[in-house]
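What follows is the content of protein-v3.txt (compact mmCIF, C-alpha atoms and all ligand atoms).
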# COMPACT_ATOMS: atom_id res chain seq x y z
CA MET I 12 0.61 -24.24 8.99
CA THR I 13 -0.76 -25.11 5.57
CA MET I 14 -0.25 -22.65 2.77
CA ASN I 15 -2.87 -22.18 0.12
CA THR I 16 -1.98 -24.09 -2.99
CA GLN I 17 -5.20 -23.40 -4.86
CA PRO I 18 -5.01 -22.46 -8.52
CA ALA I 19 -5.67 -18.93 -9.74
CA LEU I 20 -9.22 -17.64 -9.81
CA GLU I 21 -9.55 -18.20 -13.52
CA LEU I 22 -9.23 -21.94 -13.12
CA ALA I 23 -12.29 -24.04 -12.53
CA ALA I 24 -13.40 -24.46 -8.93
CA SER I 25 -13.04 -27.83 -7.29
CA ASP I 26 -16.23 -29.85 -7.31
CA GLY I 27 -16.04 -30.40 -3.57
CA ARG I 28 -15.44 -34.14 -3.63
CA ILE I 29 -13.32 -35.54 -0.88
CA ALA I 30 -9.75 -34.85 -1.93
CA ASP I 31 -7.18 -37.56 -2.56
CA GLY I 32 -5.83 -38.80 0.73
CA ASP I 33 -8.72 -37.15 2.57
CA THR I 34 -9.84 -40.30 4.27
CA ASN I 35 -13.01 -40.67 6.28
CA THR I 36 -10.81 -41.03 9.33
CA ALA I 37 -9.14 -37.68 8.65
CA LEU I 38 -12.52 -35.99 8.17
CA ALA I 39 -13.90 -37.59 11.32
CA ALA I 40 -10.93 -36.25 13.29
CA SER I 41 -12.06 -32.69 12.58
CA ALA I 42 -15.05 -30.81 14.01
CA LEU I 43 -15.66 -29.12 10.67
CA ALA I 44 -14.11 -29.89 7.31
CA VAL I 45 -14.84 -27.78 4.25
CA ARG I 46 -13.76 -28.93 0.83
CA GLY I 47 -13.69 -26.97 -2.42
CA LEU I 48 -16.13 -24.27 -1.30
CA THR I 49 -16.88 -21.68 -3.94
CA VAL I 50 -19.65 -19.08 -3.72
CA SER I 51 -20.54 -16.43 -6.22
CA TYR I 52 -23.17 -13.71 -5.98
CA GLY I 53 -22.77 -12.93 -9.67
CA THR I 54 -19.94 -13.67 -12.00
CA LYS I 55 -17.18 -12.94 -9.47
CA PRO I 56 -16.51 -15.47 -6.69
CA ALA I 57 -16.93 -14.15 -3.15
CA VAL I 58 -15.07 -17.20 -1.83
CA PHE I 59 -13.11 -19.48 -4.09
CA SER I 60 -12.24 -23.14 -3.75
CA ILE I 61 -11.65 -23.12 -0.01
CA ASP I 62 -10.52 -26.17 1.91
CA ALA I 63 -10.51 -25.75 5.68
CA THR I 64 -10.18 -28.13 8.58
CA VAL I 65 -11.24 -27.05 12.06
CA PRO I 66 -9.80 -29.24 14.85
CA LYS I 67 -12.13 -30.58 17.50
CA ALA I 68 -12.33 -28.55 20.72
CA SER I 69 -10.49 -25.65 19.11
CA MET I 70 -11.20 -21.93 19.10
CA THR I 71 -10.79 -20.88 15.49
CA ALA I 72 -10.72 -17.30 14.22
CA ILE I 73 -11.63 -16.48 10.64
CA VAL I 74 -9.77 -13.29 9.75
CA GLY I 75 -9.46 -11.23 6.60
CA PRO I 76 -10.21 -7.74 5.32
CA ASN I 77 -13.69 -6.31 4.71
CA GLY I 78 -15.26 -8.08 1.78
CA ALA I 79 -12.90 -11.08 2.04
CA GLY I 80 -15.88 -13.44 2.14
CA LYS I 81 -15.80 -14.39 5.83
CA SER I 82 -19.57 -14.13 6.41
CA THR I 83 -20.23 -15.66 3.02
CA PHE I 84 -17.99 -18.58 3.96
CA LEU I 85 -19.93 -19.28 7.18
CA LYS I 86 -23.33 -18.91 5.53
CA ALA I 87 -22.40 -21.15 2.61
CA VAL I 88 -20.94 -23.76 4.93
CA LEU I 89 -24.32 -23.81 6.69
CA GLY I 90 -26.24 -23.82 3.41
CA ILE I 91 -27.96 -20.50 4.23
CA ILE I 92 -26.76 -19.28 0.85
CA PRO I 93 -26.16 -21.60 -2.09
CA ARG I 94 -22.73 -23.01 -2.84
CA LEU I 95 -21.48 -23.00 -6.41
CA SER I 96 -19.44 -26.01 -5.38
CA GLY I 97 -18.07 -27.63 -2.28
CA SER I 98 -18.96 -29.79 0.67
CA ALA I 99 -18.91 -29.48 4.44
CA TYR I 100 -18.55 -32.22 7.03
CA VAL I 101 -19.20 -32.11 10.76
CA ASP I 102 -17.43 -34.82 12.74
CA GLY I 103 -16.78 -36.50 9.39
CA LYS I 104 -20.45 -36.65 8.37
CA PRO I 105 -22.15 -34.51 5.74
CA LEU I 106 -23.16 -31.25 7.44
CA GLU I 107 -26.69 -31.60 6.11
CA THR I 108 -27.17 -34.62 8.41
CA MET I 109 -25.61 -32.91 11.42
CA ARG I 110 -27.64 -29.71 11.82
CA GLN I 111 -28.60 -30.59 15.39
CA ALA I 112 -24.90 -30.40 16.29
CA ILE I 113 -24.44 -26.81 15.08
CA ALA I 114 -25.36 -23.48 16.64
CA TYR I 115 -25.00 -20.34 14.53
CA VAL I 116 -24.91 -16.78 15.82
CA PRO I 117 -25.37 -14.41 12.86
CA GLN I 118 -24.05 -10.88 12.63
CA ARG I 119 -26.17 -8.73 14.91
CA ALA I 120 -26.84 -6.25 12.13
CA SER I 121 -28.48 -8.97 10.02
CA VAL I 122 -31.23 -9.66 12.58
CA ASP I 123 -34.63 -7.93 12.74
CA TRP I 124 -34.60 -6.69 16.34
CA ASP I 125 -37.99 -5.00 15.93
CA PHE I 126 -39.65 -8.41 15.81
CA PRO I 127 -41.98 -8.42 18.85
CA THR I 128 -40.65 -11.17 21.07
CA ARG I 129 -39.22 -11.46 24.56
CA VAL I 130 -35.68 -12.37 25.47
CA ARG I 131 -36.80 -15.63 27.11
CA ASP I 132 -38.71 -16.68 23.99
CA VAL I 133 -35.67 -16.14 21.75
CA VAL I 134 -33.60 -18.39 24.01
CA THR I 135 -36.34 -21.00 24.45
CA MET I 136 -36.73 -21.26 20.69
CA GLY I 137 -33.10 -22.32 20.60
CA GLN I 138 -34.17 -25.51 22.37
CA PHE I 139 -36.80 -26.18 19.73
CA ARG I 140 -34.66 -25.19 16.74
CA GLY I 141 -37.29 -22.77 15.47
CA LEU I 142 -39.94 -25.48 15.20
CA GLY I 143 -42.60 -23.25 16.74
CA LEU I 144 -43.31 -25.62 19.64
CA LEU I 145 -43.63 -22.94 22.28
CA GLY I 146 -46.90 -24.54 23.40
CA PHE I 147 -44.94 -27.55 24.64
CA ILE I 148 -42.63 -25.67 26.95
CA ARG I 149 -42.09 -27.58 30.16
CA PRO I 150 -40.48 -26.46 33.42
CA ALA I 151 -37.20 -28.05 32.33
CA HIS I 152 -37.19 -25.87 29.20
CA ARG I 153 -37.90 -22.75 31.26
CA LYS I 154 -35.11 -23.62 33.66
CA LYS I 155 -32.66 -24.20 30.85
CA THR I 156 -33.58 -20.85 29.28
CA LEU I 157 -32.85 -19.07 32.55
CA ASP I 158 -29.62 -21.05 33.05
CA CYS I 159 -28.40 -19.98 29.60
CA LEU I 160 -29.38 -16.35 30.25
CA GLU I 161 -27.60 -16.56 33.61
CA ARG I 162 -24.46 -17.80 31.87
CA VAL I 163 -24.30 -14.66 29.76
CA GLY I 164 -25.40 -12.34 32.59
CA MET I 165 -28.84 -11.60 31.10
CA ALA I 166 -31.26 -13.41 33.45
CA ASP I 167 -32.67 -10.10 34.72
CA PHE I 168 -33.72 -9.21 31.17
CA ALA I 169 -35.75 -12.37 30.49
CA ASP I 170 -39.06 -10.53 30.06
CA ARG I 171 -37.75 -7.61 28.01
CA GLN I 172 -38.68 -7.18 24.37
CA ILE I 173 -35.57 -7.83 22.29
CA GLY I 174 -35.98 -4.44 20.59
CA GLN I 175 -35.39 -2.80 23.98
CA LEU I 176 -31.88 -4.18 24.42
CA SER I 177 -28.55 -2.51 23.77
CA GLY I 178 -26.28 -3.97 21.09
CA GLY I 179 -24.11 -5.76 23.63
CA GLN I 180 -27.17 -7.17 25.40
CA GLN I 181 -28.56 -8.39 22.08
CA GLN I 182 -25.29 -10.17 21.39
CA ARG I 183 -25.40 -11.88 24.79
CA VAL I 184 -28.99 -13.03 24.18
CA PHE I 185 -28.02 -14.54 20.87
CA LEU I 186 -25.18 -16.36 22.56
CA ALA I 187 -27.62 -17.64 25.21
CA ARG I 188 -29.86 -18.90 22.42
CA ALA I 189 -26.90 -20.76 20.91
CA LEU I 190 -26.08 -22.25 24.33
CA ALA I 191 -29.66 -23.48 24.63
CA GLN I 192 -29.14 -25.51 21.45
CA ASP I 193 -26.63 -27.79 23.19
CA ALA I 194 -24.50 -27.94 20.07
CA GLY I 195 -21.02 -29.37 19.64
CA LEU I 196 -20.01 -26.79 17.05
CA TYR I 197 -20.60 -23.04 17.49
CA LEU I 198 -20.25 -20.73 14.48
CA LEU I 199 -20.34 -17.02 15.36
CA ASP I 200 -20.18 -14.11 12.95
CA GLU I 201 -18.37 -11.20 14.62
CA PRO I 202 -19.61 -11.83 18.19
CA PHE I 203 -17.53 -8.94 19.55
CA ALA I 204 -18.60 -6.31 17.03
CA GLY I 205 -19.72 -3.12 18.75
CA VAL I 206 -19.74 -4.51 22.30
CA ASP I 207 -18.10 -2.90 25.32
CA ALA I 208 -15.14 -4.41 27.21
CA ALA I 209 -17.37 -6.01 29.88
CA THR I 210 -19.57 -7.74 27.31
CA GLU I 211 -16.53 -8.85 25.31
CA LYS I 212 -15.09 -10.39 28.47
CA ALA I 213 -18.43 -12.09 29.28
CA ILE I 214 -18.65 -13.54 25.77
CA ILE I 215 -15.05 -14.76 25.55
CA ASP I 216 -15.36 -16.37 28.99
CA VAL I 217 -18.40 -18.35 27.82
CA LEU I 218 -16.64 -19.34 24.58
CA LYS I 219 -13.54 -20.48 26.47
CA ASP I 220 -15.77 -22.52 28.79
CA LEU I 221 -17.34 -24.18 25.74
CA LYS I 222 -13.90 -25.12 24.49
CA ALA I 223 -12.99 -26.48 27.92
CA GLU I 224 -16.13 -28.64 27.71
CA GLY I 225 -14.79 -30.10 24.44
CA LYS I 226 -16.98 -28.00 22.14
CA THR I 227 -15.62 -26.33 19.01
CA VAL I 228 -15.93 -22.59 18.45
CA VAL I 229 -15.41 -20.74 15.17
CA CYS I 230 -15.66 -16.94 15.06
CA VAL I 231 -15.36 -14.39 12.31
CA HIS I 232 -13.08 -11.94 14.10
CA HIS I 233 -11.85 -8.45 13.24
CA ASP I 234 -9.68 -7.42 16.15
CA LEU I 235 -6.21 -8.64 15.22
CA ALA I 236 -4.88 -7.56 18.63
CA THR I 237 -6.85 -10.28 20.46
CA VAL I 238 -6.36 -13.21 18.05
CA THR I 239 -3.41 -14.72 19.91
CA ASP I 240 -5.12 -14.35 23.27
CA TYR I 241 -8.56 -15.67 22.30
CA PHE I 242 -7.88 -18.32 19.64
CA ASP I 243 -5.64 -21.33 19.07
CA HIS I 244 -6.40 -21.90 15.39
CA VAL I 245 -6.81 -19.44 12.53
CA LEU I 246 -8.19 -19.41 9.00
CA MET I 247 -6.94 -16.44 6.99
CA LEU I 248 -9.15 -15.57 4.04
CA ASN I 249 -9.15 -13.14 1.19
CA ILE I 250 -11.60 -14.71 -1.24
CA ARG I 251 -9.15 -17.59 -1.40
CA LYS I 252 -7.64 -19.26 1.61
CA ILE I 253 -4.32 -17.62 2.39
CA ALA I 254 -3.38 -19.91 5.28
CA GLU I 255 -4.77 -21.98 8.10
CA GLY I 256 -3.23 -23.63 11.12
CA PRO I 257 -2.27 -23.05 14.74
CA VAL I 258 -2.26 -19.36 15.65
CA ALA I 259 1.30 -19.64 17.00
CA THR I 260 2.76 -20.61 13.62
CA THR I 261 0.22 -19.24 11.15
CA PHE I 262 -0.77 -15.80 12.44
CA THR I 263 2.49 -14.18 11.38
CA GLY I 264 3.42 -10.80 9.92
CA PRO I 265 4.02 -12.14 6.39
CA MET I 266 0.74 -14.08 6.39
CA LEU I 267 -1.12 -11.00 7.65
CA GLN I 268 0.40 -8.89 4.89
CA GLU I 269 -0.64 -11.45 2.31
CA THR I 270 -4.15 -11.71 3.75
CA TYR I 271 -4.63 -7.94 3.85
CA GLY I 272 -3.00 -7.39 0.48
CA GLY I 273 -0.03 -5.54 1.97
CA ARG I 274 -2.37 -2.85 3.35
CA LEU I 275 -1.52 -3.30 7.02
CA ALA I 276 0.92 -0.76 8.41
CA THR I 277 4.15 -2.31 9.67
CA THR I 278 3.67 -0.47 12.95
CA HIS I 279 0.27 -2.15 13.32
CA ILE I 280 1.83 -5.60 12.88
CA ASP I 281 4.68 -4.68 15.26
CA GLN I 282 2.09 -3.78 17.91
CA LEU I 283 0.69 -7.30 17.72
CA LYS I 284 3.99 -8.53 19.20
CA LEU I 285 3.96 -11.75 17.22
CA ASP I 286 6.82 -14.21 17.62
N1 LIG E 1 -26.21 -10.76 -0.85
C1 LIG E 1 -25.15 -10.33 -1.55
N2 LIG E 1 -25.30 -10.03 -2.87
C2 LIG E 1 -24.23 -9.62 -3.60
N3 LIG E 1 -22.98 -9.48 -3.12
C3 LIG E 1 -22.79 -9.77 -1.82
C4 LIG E 1 -23.86 -10.21 -0.98
N4 LIG E 1 -23.36 -10.42 0.26
C5 LIG E 1 -22.06 -10.14 0.18
N5 LIG E 1 -21.70 -9.75 -1.07
C6 LIG E 1 -20.36 -9.39 -1.52
O1 LIG E 1 -19.54 -10.54 -1.34
C7 LIG E 1 -18.26 -10.14 -0.84
C8 LIG E 1 -17.97 -10.84 0.48
O2 LIG E 1 -18.87 -10.33 1.46
P1 LIG E 1 -18.85 -10.84 2.94
O3 LIG E 1 -19.91 -10.12 3.69
O4 LIG E 1 -18.87 -12.31 2.95
O5 LIG E 1 -17.41 -10.35 3.41
P2 LIG E 1 -16.80 -10.24 4.87
O6 LIG E 1 -15.40 -10.72 4.79
O7 LIG E 1 -17.68 -10.92 5.85
O8 LIG E 1 -16.81 -8.67 5.08
P3 LIG E 1 -16.87 -7.74 6.41
O9 LIG E 1 -15.57 -7.92 7.12
O10 LIG E 1 -17.00 -6.36 5.82
O11 LIG E 1 -18.07 -8.17 7.21
C9 LIG E 1 -18.27 -8.62 -0.76
O12 LIG E 1 -17.67 -8.10 -1.93
C10 LIG E 1 -19.74 -8.28 -0.68
O13 LIG E 1 -19.99 -7.01 -1.25

Have the structure of the file written as structure tokens, please.
Amino acid sequence: MTMNTQPALELAASDGRIADGDTNTALAASALAVRGLTVSYGTKPAVFSIDATVPKASMTAIVGPNGAGKSTFLKAVLGIIPRLSGSAYVDGKPLETMRQAIAYVPQRASVDWDFPTRVRDVVTMGQFRGLGLLGFIRPAHRKKTLDCLERVGMADFADRQIGQLSGGQQQRVFLARALAQDAGLYLLDEPFAGVDAATEKAIIDVLKDLKAEGKTVVCVHHDLATVTDYFDHVLMLNIRKIAEGPVATTFTGPMLQETYGGRLATTHIDQLKLD
């Protein structure tokens, strides 16, 4: 486990350069490395000076209370929102040069589901990275789309309009779209939010398969009860990084209390049955 040793918020944010001792070899050993990430929507930082290192072929949970900056962290890592400072590396290379290696599943609530498009088109676009090349779809693309939908149990819905899906079905389709991208690194923002137990099981099975294939999975995750079962690595955030490391040694009662500002009931932590 690494404890946060960042300075207080008042101090200047790191400029995101590779830290001392942070060799190219060390960066290349990780699937995702974030250095000195600070984001501000106004004068107050939403995430401050975060260093994080996601091991290859890991399942990493990002946990923290509402408003801790978890979604902001993911979006700023991807460059969807501007960083005040900081850098991100994928397999040791600047993230900006590695976009083909990343699949991102945004929060379901942030997507316009009224957009008139079919399930199969959403997934097929994953293969073209939104380049609008639907005219060039070949049988191999169609087959891959159906394979990905099959993997998430949604093949029967291929011709449905996306606006006619339930929340859990929408989440599965977005996961199928990510699968179609053939990425090495999957970043998912609350993939289990508002889904039923069957969909949750379907999604976690696919994510565990990805890990078994050597892919890396990072999820913003709210359900503390499933962290030890689903994930092997954890990043605990509350604007600043509180801790990161293997779940077994990092996801502890004291670290949870620090992450949640002492607002978790002791009984709640006891129920997690942590070592
Ligand atoms: N577009 C925005 N403009 C201004 N403030 C924002 C914006 N998006 C998020 N914030 C603020 O930044 C902070 C972090 O938000 P963020 O959504 O990243 O948190 P989160 O940890 O993902 O929260 P939750 O668990 O509720 O989804 C919050 O205080 C939020 O109100």

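Near ligand LIG 1 (chain E), at distances of 6 Å or less and with all atoms listed in the file counted, sit the residues Tyr52, Ala57, Pro76, Asn77, Gly78, Ala79, Gly80, Lys81, Ser82 and Thr83 of chain I.
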
Residue among I:Val229, I:Asp125, I:Gly179, I:Ala187 lying closest to Ala208 in chain I, counting only C-alpha atoms: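 Closest to Ala208 in chain I, using only C-alpha atoms: I:Gly179.
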
Expected answer as a ChimeraX atom specification: all residues with atoms within 12 Å of (-18.7, -4.3, 24.7), all atoms listed in the file: /I:177-183,202-215

Residues of range 72-126 of chain I that approach range 219-226 of chain I to 12 Å or less, counting all atoms listed in the file: could you list each one with the shortest pair of atoms and its distance in Å to one decimal, rows by chain and increasing residue number, as a Markdown table?
| residue | atom | partner | partner_atom | distance |
| --- | --- | --- | --- | --- |
| I:Asp102 | CA | I:Lys226 | CA | 11.6 |
| I:Ala112 | CA | I:Lys226 | CA | 10.1 |
| I:Ile113 | CA | I:Lys226 | CA | 10.3 |
| I:Ala114 | CA | I:Lys226 | CA | 11.0 |

Can you spit out the residues from that selection as a PDB file, keeping the file's coordinate frame, using C-alpha atoms?
ATOM      1  CA  ASP I 102     -17.430 -34.820  12.740  1.00  0.00           C
ATOM      2  CA  ALA I 112     -24.900 -30.400  16.290  1.00  0.00           C
ATOM      3  CA  ILE I 113     -24.440 -26.810  15.080  1.00  0.00           C
ATOM      4  CA  ALA I 114     -25.360 -23.480  16.640  1.00  0.00           C
TER       5      ALA I 114
END

Close residues, Ser69 in chain I itself excluded, 12 Å, only C-alpha atoms, min 4 positions apart in chain, as an MDAnalysis selection string: chainID I and resid 41:43 64:65 195:198 218:230 241:245 256:258

Interatomic distance, CA of Asp216 in chain I to CA of Gln175 in chain I (Å, one decimal):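 Going from CA of Asp216 in chain I over to CA of Gln175 in chain I covers 24.7 Å.
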
Computed interatomic separation between CA of Arg162 in chain I and CA of Leu190 in chain I (Å):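 Separating CA of Arg162 in chain I from CA of Leu190 in chain I is a distance of 8.9 Å.
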
Given all atoms listed in the file as the counted atoms, nearest of I:Gln268, I:Thr260, I:Thr239, I:Gln118 to Lys86 in chain I: I:Gln118

Show me, as a PDB file with C-alpha atoms, in the coordinates of the input, the residues that have an atom within 6 Å of Met247 in chain I when counting all atoms listed in the file, minus same-chain residues fewer than 2 positions from it.
ATOM      1  CA  ILE I  73     -11.630 -16.480  10.640  1.00  0.00           C
ATOM      2  CA  VAL I  74      -9.770 -13.290   9.750  1.00  0.00           C
ATOM      3  CA  GLY I  75      -9.460 -11.230   6.600  1.00  0.00           C
ATOM      4  CA  ILE I 253      -4.320 -17.620   2.390  1.00  0.00           C
ATOM      5  CA  ALA I 254      -3.380 -19.910   5.280  1.00  0.00           C
TER       6      ALA I 254
END

Pairwise distance for CA of Glu161 in chain I and CA of Ala72 in chain I, rounded to one decimal in Å: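 CA of Ala72 in chain I lies at a distance of 25.7 Å from CA of Glu161 in chain I.
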
Residue nearest Arg188 in chain I among I:Val116, I:Ile250, I:Gln172, I:Asp167 (counting only C-alpha atoms): I:Val116

Among the residues I:Asn249, I:Gln192, I:Ser51, I:Thr263, the one that comes closest to Leu235 in chain I [using all atoms listed in the file]: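 Of I:Asn249, I:Gln192, I:Ser51, I:Thr263, the one nearest Leu235 in chain I is I:Thr263, counting all atoms listed in the file.
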
Exercise: Arg153 in chain I partners within 10 Å, all atoms listed in the file, chain neighbours under 6 positions left out, as a PyMOL selection string: chain I and resi 131-132+134-135

Minimum-distance residue to Leu186 in chain I, chosen among I:Phe139, I:Phe147, I:Phe168, I:Tyr115 (using all atoms listed in the file): I:Tyr115

Quick test: take range 88-127 of chain I, keep C-alpha atoms, and write it as a PDB file, in the first residue's frame.
ATOM      1  CA  VAL I  88      -6.972  11.229 -17.496  1.00  0.00           C
ATOM      2  CA  LEU I  89      -8.602  10.747 -20.908  1.00  0.00           C
ATOM      3  CA  GLY I  90      -8.392  14.455 -21.741  1.00  0.00           C
ATOM      4  CA  ILE I  91     -12.194  14.764 -22.048  1.00  0.00           C
ATOM      5  CA  ILE I  92     -11.951  17.659 -19.621  1.00  0.00           C
ATOM      6  CA  PRO I  93      -8.864  19.854 -19.328  1.00  0.00           C
ATOM      7  CA  ARG I  94      -6.187  19.165 -16.742  1.00  0.00           C
ATOM      8  CA  LEU I  95      -4.789  22.057 -14.736  1.00  0.00           C
ATOM      9  CA  SER I  96      -1.647  19.963 -14.505  1.00  0.00           C
ATOM     10  CA  GLY I  97      -0.547  16.389 -14.786  1.00  0.00           C
ATOM     11  CA  SER I  98       0.274  13.641 -17.226  1.00  0.00           C
ATOM     12  CA  ALA I  99      -1.002  10.168 -18.019  1.00  0.00           C
ATOM     13  CA  TYR I 100       0.876   7.246 -19.524  1.00  0.00           C
ATOM     14  CA  VAL I 101      -0.452   4.024 -21.003  1.00  0.00           C
ATOM     15  CA  ASP I 102       2.066   1.190 -21.117  1.00  0.00           C
ATOM     16  CA  GLY I 103       4.703   3.832 -20.397  1.00  0.00           C
ATOM     17  CA  LYS I 104       3.808   6.022 -23.387  1.00  0.00           C
ATOM     18  CA  PRO I 105       1.999   9.358 -23.289  1.00  0.00           C
ATOM     19  CA  LEU I 106      -1.728   8.592 -23.230  1.00  0.00           C
ATOM     20  CA  GLU I 107      -2.311  10.984 -26.111  1.00  0.00           C
ATOM     21  CA  THR I 108      -0.397   8.578 -28.389  1.00  0.00           C
ATOM     22  CA  MET I 109      -2.192   5.495 -27.077  1.00  0.00           C
ATOM     23  CA  ARG I 110      -5.882   6.284 -27.597  1.00  0.00           C
ATOM     24  CA  GLN I 111      -6.394   3.168 -29.720  1.00  0.00           C
ATOM     25  CA  ALA I 112      -5.499   1.094 -26.655  1.00  0.00           C
ATOM     26  CA  ILE I 113      -8.223   2.581 -24.432  1.00  0.00           C
ATOM     27  CA  ALA I 114     -11.950   1.918 -24.229  1.00  0.00           C
ATOM     28  CA  TYR I 115     -14.060   4.206 -22.048  1.00  0.00           C
ATOM     29  CA  VAL I 116     -17.568   3.490 -20.797  1.00  0.00           C
ATOM     30  CA  PRO I 117     -19.052   6.734 -19.441  1.00  0.00           C
ATOM     31  CA  GLN I 118     -21.688   7.007 -16.740  1.00  0.00           C
ATOM     32  CA  ARG I 119     -24.982   5.923 -18.267  1.00  0.00           C
ATOM     33  CA  ALA I 120     -26.685   9.090 -17.095  1.00  0.00           C
ATOM     34  CA  SER I 121     -24.265  11.224 -19.122  1.00  0.00           C
ATOM     35  CA  VAL I 122     -25.308   9.689 -22.466  1.00  0.00           C
ATOM     36  CA  ASP I 123     -28.112  10.955 -24.728  1.00  0.00           C
ATOM     37  CA  TRP I 124     -30.179   7.785 -25.101  1.00  0.00           C
ATOM     38  CA  ASP I 125     -32.783   9.572 -27.237  1.00  0.00           C
ATOM     39  CA  PHE I 126     -30.283   9.758 -30.087  1.00  0.00           C
ATOM     40  CA  PRO I 127     -31.927   7.744 -32.897  1.00  0.00           C
TER      41      PRO I 127
END
